[in-house]
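Undergrad: Just passing along the structure, written as structure tokens.
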Amino acid sequence: QRPESNNYLLDGVENINRVDAGYALKVPVDAIAEFRILTHTSPPEYGGFTGSTTSVVTRGGSNEFHGTAYEFFRNDVMDARNFFSKKIEPLKQNQFGATAGGPVQKDRLFFFGYYEGYRNRQGLTQSASVPTAAERAGDFSGLPAPLRDFTQGGAVVPGASIPESRFNPVAVQIINKLYPLGNTSPSVYTSTQVGSSDLDQAGGRVDFNRSASDQFFLRYAYSSGYNLNPFSVRGSPLPGFPVRDDITGHAAALSNTHLFSPSLSNSVRLSFLRFSFNFDQRIGQATPTELGLEYASTSAIGAGTPFFNLSGYSPAGGAITGPRDTVQNTYEADDGLAWFHNRHSIKFGGSFRRTQINALQAIAPNAFFVFSGTYPTSDAWANRRLVRSVTCYQGIGQFNRGMRTWGTSAFAQDEGRVTNRLTVNYGVR
């Protein structure tokens, strides 16, 4: 199944990143009481998704005080060297936290809280195909095929050399700034850059037993962090175009379970989820105007280096798409009535959900250039210095979008034990 096909529940309510799919908040292991993974045999209560449902229940307090403290760490002391790097890639990772829970009033009111921090500093090695020093000077005699001039019917360029007088000075300045000289070989540049990732999350839960037949709980979870990537996942393998992701989540739930009788109970839940993901922000990248180009970026938060795609060489510059900034609000109300009657376990229920997504998705705000060996010469690097691109486009206009959805559901199901060896499950949603 695709990621969008799977459901994630936290204390019975949705914990889904509706923009990218997958879970929104990841609760620490020490704050989890139990979990279940339901696949295609799940009852109608867990409908709405064609894949699996992962249901996580957070831990509550008890009549005794309990707590934990922990730290897991990794480093590069025992690591092997990446084959493509000159030395061992740096790694410093710490995951640490603590939990505490206990009674406020014996048998009636309990609390539980947690905190977890994550710090990662990790090296990443990338190799890129770059122009040689000779090609920078206009000498293309090292190419495997003769350099041809298609403005002259595809004739071979004498000496495979293009005089500097034909090169555009702005293009030469930009391309020399974006492409370093090879260090692994004359045409290959390898570098190890260190990325960082910090995450902090905390939460708490209060359980209240109003009576033997009435139980409440209130739970709040918070998570916030960032990733600083030296190489964009959608950009160039060359250094100098770092991006950053900022992620923040808030999740709150209020639940009441009421026992009408030993065989009849009702559960009602109200919840709110806010998930913010600012993805692939440009960090410290030179903008088009700073590079000497006669146009500006069309996105304030997306201002960065244009993307240059040169056939036969690694691309340079910031990624074409992005950055993307999304904020999701999900409001949910659920109710379920469970009745155990004779040899049947019957359940009825319904839900209402309202989702709001505000998104900014920039597309090529700094422009995107494609250079190939089709015109005016047979080498993309030469054509870049001559400022002859096959394609150039820039996304302009309003990048903001507001999306609103709502949905309701109702279900009825029964688990009937026909005999001690035969159970029949059926229902409708």
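Naming scheme: A, B, ... for chains in displayed order of the structure tokens; residues 1 onward per chain; ligands 1 onward as shown.
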Any idea what's packed within 10 Å of A:Gly154, counting only C-alpha atoms, ignoring anything in its chain fewer than 2 positions away? Could you give it as a ChimeraX atom specification?

TA: /A:147-152,156-157,374-378

Undergrad: Please identify the strand (DSSP E or B) residues within stretch 273-325 of chain A (assignment by DSSP from backbone atoms) and present them as a count of residues only.

TA: 20

Undergrad: If you measure from atom CA of A:Arg136 to atom CA of A:Gly312, what distance in Å do you get, rounded to one decimal?

TA: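 Interatomic distance, atom CA of A:Arg136 to atom CA of A:Gly312: 14.8 Å.
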
Undergrad: With a distance cut-off of 6 Å and only C-alpha atoms, select the neighbouring residues of stretch 199-216 of chain A, excluding the residue or stretch itself and same-chain residues fewer than 3 positions from it, and output the selection as an mmCIF file with C-alpha atoms, in the first residue's frame.

TA:
```
data_model
loop_
_atom_site.group_PDB
_atom_site.id
_atom_site.type_symbol
_atom_site.label_atom_id
_atom_site.label_comp_id
_atom_site.auth_asym_id
_atom_site.auth_seq_id
_atom_site.Cartn_x
_atom_site.Cartn_y
_atom_site.Cartn_z
ATOM 1 C CA ARG A 108 -8.974 8.873 41.732
ATOM 2 C CA LEU A 109 -6.485 11.263 40.147
ATOM 3 C CA PHE A 110 -3.165 10.361 38.469
ATOM 4 C CA PHE A 111 -0.528 12.081 36.349
ATOM 5 C CA PHE A 112 2.167 11.024 33.903
ATOM 6 C CA GLY A 113 4.694 13.160 32.006
ATOM 7 C CA TYR A 114 7.652 12.679 29.689
ATOM 8 C CA TYR A 115 10.442 14.505 27.871
ATOM 9 C CA GLU A 116 12.799 13.333 25.156
ATOM 10 C CA GLY A 117 15.612 15.111 23.336
ATOM 11 C CA TYR A 118 17.467 14.054 20.196
ATOM 12 C CA ARG A 219 -3.549 14.138 27.185
ATOM 13 C CA TYR A 220 -1.297 16.717 25.519
ATOM 14 C CA ALA A 221 1.779 16.032 23.379
ATOM 15 C CA TYR A 222 4.261 18.488 21.877
ATOM 16 C CA SER A 223 7.135 18.003 19.456
ATOM 17 C CA SER A 224 9.460 20.510 17.815
ATOM 18 C CA GLY A 225 12.728 20.239 15.925
ATOM 19 C CA SER A 255 -11.827 11.222 26.619
ATOM 20 C CA ASN A 256 -14.637 9.906 28.795
ATOM 21 C CA THR A 257 -15.631 6.282 29.302
ATOM 22 C CA HIS A 258 -18.943 5.641 31.057
ATOM 23 C CA LEU A 259 -20.189 2.242 32.234
#
```

Undergrad: Could you work out how far atom CA of A:Tyr23 lies from atom CA of A:Thr321, giving the answer in Å with one decimal?

TA: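 Spanning atom CA of A:Thr321 to atom CA of A:Tyr23 is a straight-line distance of 23.6 Å.
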
Undergrad: Calculate how many Å separate atom CA of A:Gly195 from atom CA of A:Arg121, rounding to one decimal.

TA: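 These atoms are spaced 5.8 Å apart.
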
Undergrad: From the list A:Phe307, A:Phe277, A:Tyr295, A:Phe272, which residue is nearest A:Val327 when using only C-alpha atoms?

TA: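 Closest residue, counting only C-alpha atoms: A:Phe277.
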
Undergrad: Closest to A:Glu332 among A:Leu273, A:Ala98, A:Ile247, A:Ala160, using only C-alpha atoms?

TA: A:Leu273

Undergrad: Excluding same-chain residues fewer than 6 positions from stretch 296-298 of chain A, what lies within 6 Å of it counting only C-alpha atoms, as a VMD selection string?

TA: chain A and resid 288 to 289 365 to 366 396

Undergrad: Can you pull out every residue from stretch 89-147 of chain A that DSSP, working from the backbone, puts in alpha helix (DSSP H), and format the result as number ranges by chain?

TA: A: 133-136

Undergrad: Keeping C-alpha atoms, export the residues of the selection given above as an mmCIF file, in the first residue's frame.

TA:
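Saved result, out-v5.cif, follows:
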```
data_model
loop_
_atom_site.group_PDB
_atom_site.id
_atom_site.type_symbol
_atom_site.label_atom_id
_atom_site.label_comp_id
_atom_site.auth_asym_id
_atom_site.auth_seq_id
_atom_site.Cartn_x
_atom_site.Cartn_y
_atom_site.Cartn_z
ATOM 1 C CA ALA A 133 40.456 23.143 -15.335
ATOM 2 C CA ALA A 134 41.062 22.902 -19.085
ATOM 3 C CA GLU A 135 37.335 23.074 -19.848
ATOM 4 C CA ARG A 136 37.033 26.153 -17.632
#
```
